[in-house]
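One file, input11.tsv, carrying TSV, C-alpha atoms and all ligand atoms:
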chain	number	residue	atom	x	y	z
A	195	MET	CA	111.66	189.13	73.18
A	196	THR	CA	109.58	189.28	70.01
A	197	GLN	CA	107.45	192.17	68.91
A	198	VAL	CA	104.92	192.30	66.13
A	199	PHE	CA	106.37	193.95	63.07
A	200	HIS	CA	104.01	194.18	60.11
A	201	VAL	CA	105.34	194.85	56.66
A	202	GLY	CA	103.22	196.20	53.82
A	203	LYS	CA	100.16	198.29	54.50
A	204	ASN	CA	99.86	197.36	58.19
A	205	ARG	CA	103.38	198.49	59.01
A	206	LEU	CA	102.35	201.77	60.63
A	207	SER	CA	99.92	200.02	62.98
A	208	THR	CA	102.65	198.76	65.34
A	209	PRO	CA	105.06	200.75	67.55
A	210	VAL	CA	108.06	199.09	65.87
A	211	GLY	CA	106.87	199.87	62.35
A	212	ARG	CA	105.75	203.42	63.10
A	213	TRP	CA	109.06	204.48	64.64
A	214	ALA	CA	111.04	202.62	61.97
A	215	SER	CA	109.91	205.19	59.41
A	216	VAL	CA	111.90	208.04	61.11
A	217	GLY	CA	113.01	209.59	58.82
A	218	PRO	CA	113.44	210.20	55.07
A	219	TYR	CA	117.04	209.69	53.97
A	220	TYR	CA	118.50	209.19	50.52
A	221	ALA	CA	119.54	205.58	49.70
A	222	MET	CA	117.99	204.20	52.89
A	223	PHE	CA	117.34	200.48	53.40
A	224	PRO	CA	113.72	199.42	52.88
A	225	ILE	CA	112.58	198.62	56.44
A	226	PRO	CA	111.39	195.03	55.77
A	227	PHE	CA	114.78	194.31	54.15
A	228	ALA	CA	116.63	195.51	57.29
A	229	PHE	CA	114.56	193.22	59.52
A	230	GLU	CA	114.85	190.24	57.17
A	231	ILE	CA	118.66	190.47	57.01
A	232	VAL	CA	119.06	190.81	60.78
A	233	GLU	CA	116.68	187.97	61.57
A	234	GLN	CA	118.22	185.64	58.99
A	235	ASN	CA	121.89	186.31	59.74
A	236	CYS	CA	122.26	187.18	63.42
A	237	PRO	CA	121.10	184.97	66.32
A	238	ILE	CA	118.83	186.46	68.99
A	239	GLY	CA	121.15	187.83	71.67
A	240	GLY	CA	123.86	188.45	69.05
A	241	ALA	CA	125.27	191.78	67.86
A	242	VAL	CA	125.01	193.82	64.64
A	243	LEU	CA	127.53	196.41	63.41
A	244	ASP	CA	126.85	199.09	60.76
A	245	PRO	CA	129.75	201.50	60.07
A	246	PHE	CA	127.71	203.51	57.49
A	247	ALA	CA	124.47	203.56	59.43
A	248	GLY	CA	122.49	206.30	57.63
A	249	ARG	CA	119.13	206.61	59.39
A	250	GLY	CA	119.96	203.55	61.47
A	251	SER	CA	117.49	200.93	60.15
A	252	SER	CA	119.97	198.03	60.54
A	253	ILE	CA	120.61	198.97	64.17
A	254	TYR	CA	116.94	199.62	64.84
A	255	ALA	CA	116.05	196.19	63.42
A	256	ALA	CA	118.68	194.68	65.75
A	257	VAL	CA	117.54	196.37	68.96
A	258	THR	CA	113.82	195.76	68.34
A	259	THR	CA	114.39	192.03	67.77
A	260	GLY	CA	116.52	191.23	70.80
A	261	ARG	CA	120.01	191.86	69.41
A	262	TYR	CA	122.68	194.38	70.38
A	263	GLY	CA	123.27	197.05	67.72
A	264	CYS	CA	126.07	199.53	67.12
A	265	GLY	CA	126.07	201.99	64.24
A	266	ILE	CA	128.37	204.82	63.17
A	267	GLU	CA	127.24	207.76	61.04
A	268	ILE	CA	129.09	210.88	59.95
A	269	ASN	CA	126.07	212.87	58.73
A	270	GLU	CA	124.14	214.59	61.55
A	271	VAL	CA	120.78	214.04	59.85
A	272	GLY	CA	121.12	210.27	59.61
A	273	TRP	CA	122.71	210.11	63.05
A	274	LEU	CA	119.87	212.09	64.64
A	275	TYR	CA	117.20	209.82	63.14
A	276	GLY	CA	119.02	206.83	64.61
A	277	LYS	CA	119.45	208.48	68.00
A	278	ALA	CA	115.79	209.52	68.16
A	279	LYS	CA	114.73	205.90	67.51
A	280	LEU	CA	117.13	204.43	70.06
A	281	GLU	CA	116.73	207.05	72.82
A	282	THR	CA	113.18	208.25	72.35
A	283	ALA	CA	111.91	210.74	74.93
A	284	SER	CA	108.41	210.52	76.44
A	285	GLU	CA	105.52	211.96	74.44
A	286	GLU	CA	104.80	214.46	77.20
A	287	ALA	CA	108.39	215.78	77.20
A	288	VAL	CA	108.37	216.21	73.41
A	289	LEU	CA	104.97	217.94	73.41
A	290	ASN	CA	106.18	220.30	76.14
A	291	ARG	CA	109.29	221.24	74.18
A	292	ASN	CA	107.12	221.86	71.13
A	293	GLU	CA	105.00	224.32	73.15
A	294	GLU	CA	108.14	226.03	74.49
A	295	ILE	CA	109.71	226.39	71.05
A	296	SER	CA	106.47	227.81	69.73
A	297	ARG	CA	106.41	230.39	72.57
A	298	GLN	CA	110.09	231.21	72.04
A	299	SER	CA	109.55	231.68	68.31
A	300	ARG	CA	107.98	235.06	69.16
A	301	GLY	CA	111.50	236.15	70.13
A	302	ILE	CA	112.82	235.62	66.60
A	303	ARG	CA	113.45	239.03	65.04
A	304	THR	CA	112.07	239.86	61.60
A	305	SER	CA	115.62	240.75	60.53
A	306	GLU	CA	116.70	237.12	61.20
A	307	ILE	CA	114.02	235.97	58.75
A	308	ASN	CA	114.83	238.64	56.18
A	309	GLU	CA	118.52	237.70	56.22
A	310	LEU	CA	117.76	234.22	54.86
A	311	PRO	CA	118.42	233.55	51.15
A	312	GLU	CA	115.55	233.85	48.63
A	313	PHE	CA	114.99	230.07	48.65
A	314	PHE	CA	113.65	230.14	52.22
A	315	HIS	CA	111.01	232.76	51.42
A	316	TYR	CA	109.61	230.66	48.59
A	317	CYS	CA	109.88	227.44	50.59
A	318	PHE	CA	108.29	228.46	53.92
A	319	THR	CA	105.87	231.10	55.24
A	320	PRO	CA	107.25	233.68	57.73
A	321	ARG	CA	105.33	231.99	60.56
A	322	VAL	CA	106.96	228.64	59.78
A	323	LEU	CA	110.38	230.27	59.45
A	324	ARG	CA	109.97	231.80	62.91
A	325	TYR	CA	109.25	228.36	64.41
A	326	LEU	CA	112.11	226.70	62.50
A	327	LEU	CA	114.59	229.39	63.50
A	328	ALA	CA	113.56	229.00	67.16
A	329	ALA	CA	113.96	225.21	67.00
A	330	ARG	CA	117.31	225.66	65.26
A	331	LYS	CA	118.47	228.07	67.96
A	332	TRP	CA	117.13	226.53	71.13
A	333	LEU	CA	116.81	222.76	70.71
A	334	HIS	CA	119.77	220.92	72.27
A	335	TRP	CA	119.40	218.01	69.87
A	336	LYS	CA	122.91	216.64	70.39
A	337	ASP	CA	122.51	215.70	74.02
A	338	ASP	CA	118.93	216.07	75.24
A	339	ALA	CA	116.51	213.21	74.49
A	340	ALA	CA	113.34	215.38	74.28
A	341	ASP	CA	115.10	217.87	72.01
A	342	SER	CA	116.62	215.22	69.75
A	343	THR	CA	113.25	213.45	69.40
A	344	LEU	CA	111.46	216.71	68.60
A	345	MET	CA	114.17	217.80	66.15
A	346	ALA	CA	114.09	214.41	64.39
A	347	ILE	CA	110.30	214.71	63.96
A	348	ILE	CA	110.70	218.29	62.65
A	349	LEU	CA	113.27	217.02	60.12
A	350	VAL	CA	110.83	214.36	58.89
A	351	TYR	CA	108.31	217.07	57.92
A	352	LEU	CA	110.74	219.85	57.02
A	353	HIS	CA	110.28	219.39	53.29
A	354	GLY	CA	108.20	217.18	51.03
A	355	ALA	CA	104.79	217.17	49.39
A	356	LYS	CA	103.10	220.52	50.01
A	357	GLU	CA	100.07	219.32	51.94
A	358	LYS	CA	102.14	216.98	54.13
A	359	SER	CA	105.10	219.12	55.18
A	360	PHE	CA	106.20	222.58	56.31
A	361	SER	CA	107.44	223.40	52.81
A	362	ASN	CA	106.37	224.39	49.36
A	363	GLN	CA	106.21	221.44	46.93
A	364	THR	CA	109.53	219.57	46.90
A	365	ARG	CA	111.02	216.13	47.34
A	366	GLN	CA	111.12	214.59	50.79
A	367	GLY	CA	114.16	212.33	50.69
A	368	LYS	CA	116.58	214.79	49.20
A	369	ALA	CA	116.77	218.62	49.28
A	370	MET	CA	116.84	220.22	45.85
A	371	ALA	CA	119.26	222.90	44.63
A	372	PRO	CA	117.94	226.33	45.71
A	373	ASP	CA	118.05	228.05	42.29
A	374	TYR	CA	116.36	225.14	40.62
A	375	SER	CA	113.62	225.00	43.28
A	376	VAL	CA	112.89	228.72	43.16
A	377	ARG	CA	112.65	228.59	39.36
A	378	TRP	CA	110.29	225.61	39.56
A	379	TRP	CA	108.07	227.28	42.17
A	380	LYS	CA	107.91	230.49	40.15
A	381	GLU	CA	107.08	228.63	36.94
A	382	HIS	CA	104.35	226.64	38.67
A	383	ASP	CA	103.07	229.62	40.68
A	384	SER	CA	103.55	227.56	43.80
A	385	THR	CA	103.48	229.24	47.23
A	386	PRO	CA	104.35	227.75	50.64
A	387	PRO	CA	101.48	226.16	52.60
A	388	ASP	CA	99.91	228.13	55.46
A	389	VAL	CA	100.98	225.80	58.28
A	390	GLN	CA	100.41	226.56	61.96
A	391	PRO	CA	103.63	225.06	63.36
A	392	LEU	CA	102.50	224.40	66.95
A	393	ARG	CA	99.36	222.55	65.90
A	394	PHE	CA	101.01	220.85	62.91
A	395	MET	CA	103.78	219.42	65.09
A	396	ARG	CA	101.46	218.54	67.99
A	397	GLN	CA	99.36	216.39	65.65
A	398	ARG	CA	102.40	214.68	64.21
A	399	ILE	CA	103.99	214.01	67.61
A	400	ARG	CA	100.70	212.50	68.86
A	401	TRP	CA	100.43	210.36	65.74
A	402	ARG	CA	104.00	209.09	66.13
A	403	TYR	CA	103.35	208.00	69.75
A	404	ALA	CA	99.78	206.76	69.19
A	405	LYS	CA	100.73	203.05	69.05
A	406	GLY	CA	103.23	203.34	71.92
A	407	LEU	CA	106.99	202.90	71.98
A	408	PRO	CA	108.85	199.75	70.90
A	409	ILE	CA	110.69	197.62	73.45
A	410	LEU	CA	114.40	198.06	72.79
A	411	HIS	CA	117.41	195.89	73.44
A	412	GLU	CA	120.68	197.71	74.14
A	413	GLY	CA	122.23	199.63	71.25
A	414	GLU	CA	123.69	202.92	70.05
A	415	VAL	CA	124.54	204.98	66.99
A	416	ARG	CA	127.82	206.85	67.37
A	417	PHE	CA	128.37	210.15	65.60
A	418	GLY	CA	131.65	210.31	63.73
A	419	ASP	CA	133.95	208.89	61.09
A	420	SER	CA	134.09	205.08	61.06
A	421	VAL	CA	137.80	205.22	60.29
A	422	SER	CA	138.50	206.55	63.79
A	423	GLU	CA	135.34	205.38	65.65
A	424	LEU	CA	136.11	201.73	64.89
A	425	ASP	CA	139.35	202.05	66.90
A	426	ILE	CA	137.28	203.11	69.92
A	427	ILE	CA	134.83	200.27	69.29
A	428	LYS	CA	137.77	197.83	69.19
A	429	ARG	CA	138.94	199.10	72.59
A	430	ASP	CA	135.39	198.69	73.96
A	431	VAL	CA	135.16	195.15	72.59
A	432	ASP	CA	138.60	194.23	73.99
A	433	ALA	CA	137.58	195.65	77.38
A	434	GLY	CA	134.37	193.56	77.32
A	435	ALA	CA	132.20	196.71	77.45
A	436	ILE	CA	130.39	195.68	74.24
A	437	PRO	CA	130.13	192.27	72.54
A	438	GLN	CA	131.95	191.04	69.43
A	439	PHE	CA	129.72	191.31	66.37
A	440	ASP	CA	127.90	188.42	64.66
A	441	LEU	CA	126.73	190.43	61.67
A	442	LEU	CA	128.30	193.25	59.69
A	443	PHE	CA	125.32	194.76	57.90
A	444	THR	CA	125.89	197.96	55.97
A	445	SER	CA	125.61	199.98	52.80
A	446	PRO	CA	128.63	202.21	52.10
A	447	PRO	CA	128.34	205.42	50.11
A	448	TYR	CA	128.37	204.63	46.39
A	449	TYR	CA	131.30	205.81	44.32
A	450	ASN	CA	130.66	208.94	42.28
A	451	VAL	CA	126.91	209.00	42.81
A	452	THR	CA	125.82	211.36	45.52
A	453	SER	CA	126.93	213.62	48.32
A	454	TYR	CA	124.92	212.94	51.47
A	455	HIS	CA	125.99	216.32	52.71
A	456	TYR	CA	124.60	218.10	49.65
A	457	ASP	CA	121.43	215.99	49.47
A	458	GLN	CA	120.57	216.86	53.05
A	459	TRP	CA	121.60	220.52	52.95
A	460	LEU	CA	118.22	221.87	54.12
A	461	ARG	CA	117.96	219.49	57.06
A	462	LEU	CA	121.61	220.17	57.87
A	463	TRP	CA	120.74	223.89	57.93
A	464	MET	CA	118.19	223.07	60.66
A	465	LEU	CA	121.05	221.47	62.57
A	466	GLY	CA	123.16	224.61	62.41
A	467	HIS	CA	124.88	224.41	59.01
A	468	ASN	CA	125.06	227.09	56.34
A	469	PRO	CA	121.80	228.30	54.69
A	470	ARG	CA	123.35	227.55	51.29
A	471	PRO	CA	124.22	224.05	50.12
A	472	SER	CA	127.85	223.08	49.96
A	473	LYS	CA	129.28	220.28	47.84
A	474	THR	CA	132.05	219.66	50.31
A	475	GLY	CA	131.28	218.57	53.81
A	476	GLY	CA	134.72	217.55	54.95
A	477	ASP	CA	136.44	214.19	54.82
A	478	TRP	CA	134.49	211.41	53.13
A	479	GLN	CA	131.40	213.53	52.57
A	480	ASP	CA	131.77	215.09	49.17
A	481	GLY	CA	130.68	212.34	46.84
A	482	PHE	CA	133.84	210.25	46.56
A	483	TRP	CA	135.19	211.48	43.27
A	484	SER	CA	138.59	209.81	43.73
A	485	GLN	CA	138.75	206.07	43.10
A	486	ALA	CA	141.89	205.72	45.22
A	487	GLU	CA	140.25	207.41	48.23
A	488	TYR	CA	137.12	205.35	47.82
A	489	ARG	CA	139.13	202.14	47.81
A	490	GLU	CA	141.07	203.33	50.85
A	491	LEU	CA	137.88	204.10	52.81
A	492	LEU	CA	136.33	200.68	52.16
A	493	THR	CA	139.57	198.81	52.85
A	494	THR	CA	140.18	200.63	56.13
A	495	VAL	CA	136.62	200.36	57.40
A	496	PHE	CA	136.07	196.70	56.50
A	497	THR	CA	139.48	195.71	57.92
A	498	LYS	CA	138.67	197.46	61.20
A	499	CYS	CA	135.21	195.83	61.28
A	500	ALA	CA	136.77	192.39	60.79
A	501	ALA	CA	138.84	192.98	63.95
A	502	VAL	CA	135.70	193.24	66.13
A	503	MET	CA	133.70	190.34	64.70
A	504	THR	CA	133.27	186.75	65.84
A	505	PRO	CA	134.98	184.08	63.66
A	506	ASP	CA	131.55	182.81	62.53
A	507	ALA	CA	130.15	186.22	61.70
A	508	CYS	CA	128.14	186.96	58.55
A	509	VAL	CA	128.56	190.01	56.34
A	510	LEU	CA	125.88	191.65	54.21
A	511	VAL	CA	126.83	194.68	52.15
A	512	ARG	CA	124.30	196.34	49.87
A	513	THR	CA	125.87	198.52	47.22
A	514	ASP	CA	125.57	200.07	43.79
A	515	ALA	CA	125.47	197.68	40.84
A	516	ARG	CA	127.64	199.98	38.69
A	517	THR	CA	130.93	198.40	37.74
A	518	PHE	CA	133.53	200.28	39.76
A	519	THR	CA	131.65	200.27	43.09
A	520	ARG	CA	130.52	196.65	42.66
A	521	ASP	CA	133.94	195.31	41.65
A	522	VAL	CA	136.01	197.18	44.18
A	523	THR	CA	133.62	196.30	47.04
A	524	THR	CA	133.60	192.63	46.08
A	525	GLU	CA	137.37	192.53	45.82
A	526	ILE	CA	137.91	194.24	49.21
A	527	LEU	CA	135.34	192.07	51.00
A	528	CYS	CA	136.83	188.84	49.61
A	529	ALA	CA	140.33	189.95	50.65
A	530	THR	CA	139.16	191.02	54.13
A	531	PHE	CA	137.12	187.87	54.82
A	532	PRO	CA	139.06	185.16	52.88
A	533	ASP	CA	137.56	182.27	54.87
A	534	LYS	CA	133.95	183.18	54.03
A	535	GLU	CA	131.92	182.20	51.00
A	536	LEU	CA	130.51	184.97	48.84
A	537	THR	CA	127.03	184.99	47.33
A	538	THR	CA	126.01	187.90	45.11
A	539	ILE	CA	122.32	188.75	44.97
A	540	VAL	CA	121.04	191.24	42.41
A	541	SER	CA	118.36	193.39	44.05
A	542	PRO	CA	115.33	194.76	42.27
A	543	LEU	CA	115.65	198.24	40.81
A	544	ASN	CA	115.00	201.17	43.13
A	545	LYS	CA	111.39	202.25	42.89
A	546	GLY	CA	112.30	205.92	43.43
A	547	SER	CA	108.80	207.00	44.27
A	548	GLN	CA	109.73	210.67	44.50
A	549	THR	CA	112.02	211.01	41.52
A	550	ALA	CA	109.37	212.00	39.00
A	551	LEU	CA	108.31	215.06	41.00
A	552	PHE	CA	110.93	217.35	39.57
A	553	GLY	CA	111.13	215.61	36.24
A	554	ASP	CA	113.91	213.13	37.11
A	555	LYS	CA	112.92	210.13	35.01
A	556	SER	CA	116.42	208.70	34.70
A	557	GLN	CA	116.87	204.93	34.91
A	558	LYS	CA	118.32	203.92	38.26
A	559	PRO	CA	121.20	201.46	38.03
A	560	GLY	CA	120.00	199.09	40.72
A	561	GLU	CA	121.85	197.52	43.61
A	562	ILE	CA	123.52	194.29	44.60
A	563	ASP	CA	123.80	192.49	47.91
A	564	LEU	CA	127.10	190.84	48.76
A	565	LEU	CA	126.54	188.13	51.38
A	566	LEU	CA	129.54	186.43	52.98
A	567	LYS	CA	128.98	183.44	55.27
A	568	PRO	CA	131.32	181.03	57.03
A	569	ARG	CA	132.11	178.08	54.77
B	1	LIG	C1	124.20	204.34	51.56
B	1	LIG	S1	124.15	205.37	52.97
B	1	LIG	C2	123.59	204.28	54.21
B	1	LIG	C3	122.10	204.27	54.29
B	1	LIG	C4	121.59	203.36	55.39
B	1	LIG	N1	121.78	201.96	55.08
B	1	LIG	C5	120.13	203.63	55.70
B	1	LIG	O1	119.32	202.71	55.69
B	1	LIG	O2	119.79	204.79	55.97
B	1	LIG	C6	125.85	205.58	53.38
B	1	LIG	C7	126.06	206.43	54.63
B	1	LIG	O3	127.45	206.38	54.98
B	1	LIG	C8	127.76	207.63	55.63
B	1	LIG	N2	129.23	207.74	55.66
B	1	LIG	C9	130.06	208.02	54.64
B	1	LIG	N3	131.33	207.99	55.05
B	1	LIG	C10	131.33	207.68	56.36
B	1	LIG	C11	132.34	207.49	57.34
B	1	LIG	N4	133.63	207.61	57.03
B	1	LIG	N5	131.97	207.18	58.59
B	1	LIG	C12	130.66	207.05	58.91
B	1	LIG	N6	129.65	207.22	58.02
B	1	LIG	C13	129.97	207.53	56.77
B	1	LIG	C14	127.03	208.64	54.78
B	1	LIG	O4	126.84	209.85	55.47
B	1	LIG	C15	125.72	207.91	54.49
B	1	LIG	O5	124.74	208.23	55.45
Rewrite the coordinates I just gave you, this time as structure tokens.
Ligand SMILES: C[S@@+](CC[C@H](N)C(=O)[O-])C[C@H]1O[C@@H](n2cnc3c(N)ncnc32)[C@H](O)[C@@H]1O
Amino acid sequence: MTQVFHVGKNRLSTPVGRWASVGPYYAMFPIPFAFEIVEQNCPIGGAVLDPFAGRGSSIYAAVTTGRYGCGIEINEVGWLYGKAKLETASEEAVLNRNEEISRQSRGIRTSEINELPEFFHYCFTPRVLRYLLAARKWLHWKDDAADSTLMAIILVYLHGAKEKSFSNQTRQGKAMAPDYSVRWWKEHDSTPPDVQPLRFMRQRIRWRYAKGLPILHEGEVRFGDSVSELDIIKRDVDAGAIPQFDLLFTSPPYYNVTSYHYDQWLRLWMLGHNPRPSKTGGDWQDGFWSQAEYRELLTTVFTKCAAVMTPDACVLVRTDARTFTRDVTTEILCATFPDKELTTIVSPLNKGSQTALFGDKSQKPGEIDLLLKPR
């Protein structure tokens, strides 16, 4: 099974490319990179494993090119993007749910809007807040395909450039700190755009489906902590329910760089979390400030991955080029896969197309790819 996948400016003209762009996520793989790695390192009919799946591009590349894919993700935002791409509902079902949510939004009380922190009133109009609160309350995004597809599309447009999203001017990949944002909007006299949610979403749903749906091979993204989920995956592999993996393709969180929980706080609010950002999101989610814990996470996860892979499997890990993350990852991978040969590839610097918006002109450190192949 081969499908046309255009990179570059034609990417959005195919079903595979259009759905691949769901949705914005900090430190995500460039889509062409995900396809290139899968196609070069996993045979058709083989299986790809990603224990830090993010928005699921590695798994999506696998299932759209005739491979089995299994991802694990602990952050609901990334997980939902992956789920929406792998279990997409019909266009009609998603449009119907959009109409229903819009109708139900009339049942949102003004007091529910007024209770929200100041940030929300500068970020969205009351009409948008009504729609978002209704979606937040009544979409069963965890287990219903139409609801998870609609919620994933809402999350794509929740915040970003003013004329392209529900929100006042902000970054799309990463939610900003509320105080900082409010100050910026006040200074720049910036007000939220007057969006009509029903129409806005209808147009975007139609656009997303306009080229059709990709043909998918079997695959899944599991919600949870890889440390425990990999034990369940091992049982499934041993029972023959899922295949052994031919490619471990992942990008772990980088040491001391970011908190995915914090960066996604506004989208996480849509999924039921607190309306104020929190630095701590539970185990493994708060930015990895301890070197010992970071080392322990990588050692545990890679060791458990090794137990479900074929002897000839390849490994590709993209990570931060900064010394501690690079060195510790290299050391753990070499110890976990001693019979494989390591090649280190220095990737080009992140382009960071959105970083200048709020004045972040800092130099990005760049990334490296660690490729391990059978000798
Ligand atoms: C660098 S990002 C991966 C981005 C991904 N390659 C993409 O294209 O979107 C690392 C991801 O690992 C997730 N993560 C961190 N600890 C985890 C754990 N113990 N189990 C599962 N996922 C975890 C984070 O939530 C984050 O989404």
Exercise for review: With only C-alpha atoms and all ligand atoms counted, collect every polymer residue having an atom within 9 Å of ligand LIG 1 (chain B); state the result as a PyMOL selection string.
Suggested key: chain A and resi 217-225+228+244-252+265-273+276+416-423+443-448+453-455+477-479+481+491-492+495+512-514
Using all atoms listed in the file, which residues sit within 10 Å of Pro237 in chain A once same-chain residues fewer than 6 positions away are excluded, as a PDB file with C-alpha atoms, in the frame of the given file?
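Result written to around-v3.pdb:
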ATOM      1  CA  THR A 259     114.390 192.030  67.770  1.00  0.00           C
ATOM      2  CA  GLY A 260     116.520 191.230  70.800  1.00  0.00           C
ATOM      3  CA  ARG A 261     120.010 191.860  69.410  1.00  0.00           C
ATOM      4  CA  ASP A 440     127.900 188.420  64.660  1.00  0.00           C
ATOM      5  CA  LEU A 441     126.730 190.430  61.670  1.00  0.00           C
TER       6      LEU A 441
END
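Taking CA of Trp332 in chain A and CA of Pro387 in chain A as the two end points, the separation is 24.3 Å.
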Practice item. Tell me which protein, DNA and RNA residues are within 6 Å of range 435-438 of chain A, counting all atoms listed in the file, leaving out same-chain ones fewer than 6 positions away, and put them as a list in words. Key: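 Listing them by chain and then by number gives Val502, Met503 and Thr504 of chain A.
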File dump, residues just selected, C-alpha atoms, as a tab-separated table (two decimals), in the coordinates of the input:
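As written to disk, again_29.tsv reads:
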chain	number	residue	atom	x	y	z
A	502	VAL	CA	135.70	193.24	66.13
A	503	MET	CA	133.70	190.34	64.70
A	504	THR	CA	133.27	186.75	65.84
Practice item. Determine the nearest neighbour of Asp388 in chain A from the options A:Arg321, A:Arg470, A:Lys358, A:Arg400, counting all atoms listed in the file. Key: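 So, comparing all the options, the nearest one is A:Arg321.
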Exercise for review: Using only C-alpha atoms, find the one residue out of A:Gln458, A:Gln197, A:Thr208, A:Asn450 that sits nearest to Glu487 in chain A.
Suggested key: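 Of all the options, A:Asn450 lies closest to Glu487 in chain A.
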Practice item. Determine, counting only C-alpha atoms, every residue of protein, DNA or RNA that lies within 9 Å of (110.9, 218.6, 47.5) in the file coordinates, then give the result as a count of residues only. Key: 18
Check your understanding: Which one is closest to Asp432 in chain A: A:Arg461, A:Phe394, A:Glu412, A:Ala501? Count only C-alpha atoms.
Key ->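 Closest residue, counting only C-alpha atoms: A:Ala501.
Closest approach to Ala329 in chain A from the set A:Trp463, A:Tyr374, A:Tyr316, A:Phe439 is made by A:Trp463, with distances taken over only C-alpha atoms.
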May I have the residues within 12 Å of range 376-378 of chain A as a compact mmCIF listing (two decimals) with C-alpha atoms, keeping the file's coordinate frame, using all atoms listed in the file and disregarding those fewer than 3 positions away in the same chain?
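As written to disk, out_17.txt reads:
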# COMPACT_ATOMS: atom_id res chain seq x y z
CA PRO A 311 118.42 233.55 51.15
CA GLU A 312 115.55 233.85 48.63
CA PHE A 313 114.99 230.07 48.65
CA PHE A 314 113.65 230.14 52.22
CA HIS A 315 111.01 232.76 51.42
CA TYR A 316 109.61 230.66 48.59
CA CYS A 317 109.88 227.44 50.59
CA PHE A 318 108.29 228.46 53.92
CA ASN A 362 106.37 224.39 49.36
CA GLN A 363 106.21 221.44 46.93
CA THR A 364 109.53 219.57 46.90
CA MET A 370 116.84 220.22 45.85
CA ALA A 371 119.26 222.90 44.63
CA PRO A 372 117.94 226.33 45.71
CA ASP A 373 118.05 228.05 42.29
CA GLU A 381 107.08 228.63 36.94
CA HIS A 382 104.35 226.64 38.67
CA ASP A 383 103.07 229.62 40.68
CA SER A 384 103.55 227.56 43.80
CA THR A 385 103.48 229.24 47.23
CA PRO A 386 104.35 227.75 50.64
CA LEU A 551 108.31 215.06 41.00
CA PHE A 552 110.93 217.35 39.57
CA GLY A 553 111.13 215.61 36.24
Check your understanding: Taking all atoms listed in the file into account, which of A:Lys428, A:Leu349, A:Leu442, A:Ser359 comes nearest Trp459 in chain A?
Key ->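 Distance minimum relative to Trp459 in chain A lands on A:Leu349.
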Study note, to complete from the structure: Min atom-atom distance to Thr493 in chain A from the set A:Leu344, A:Ile562, A:Leu527, A:Ile231, counting all atoms listed in the file, belongs to A:Leu527
**Study point:** Who sits within 8 Å of Leu407 in chain A, only C-alpha atoms, same chain under 5 positions skipped, as number ranges by chain
**Key:** A: 209-210, 213
Review point. So how many Å separate CA of Leu323 in chain A and CA of Ile307 in chain A, to one decimal?
Key: 6.8 Å
Review point. Got a sec: who's within 8 Å of Met464 in chain A, counting all atoms listed in the file, leaving out chain neighbours fewer than 2 positions off, as a ChimeraX atom specification?
Key: /A:326-327,329-330,349,460-462,466-467
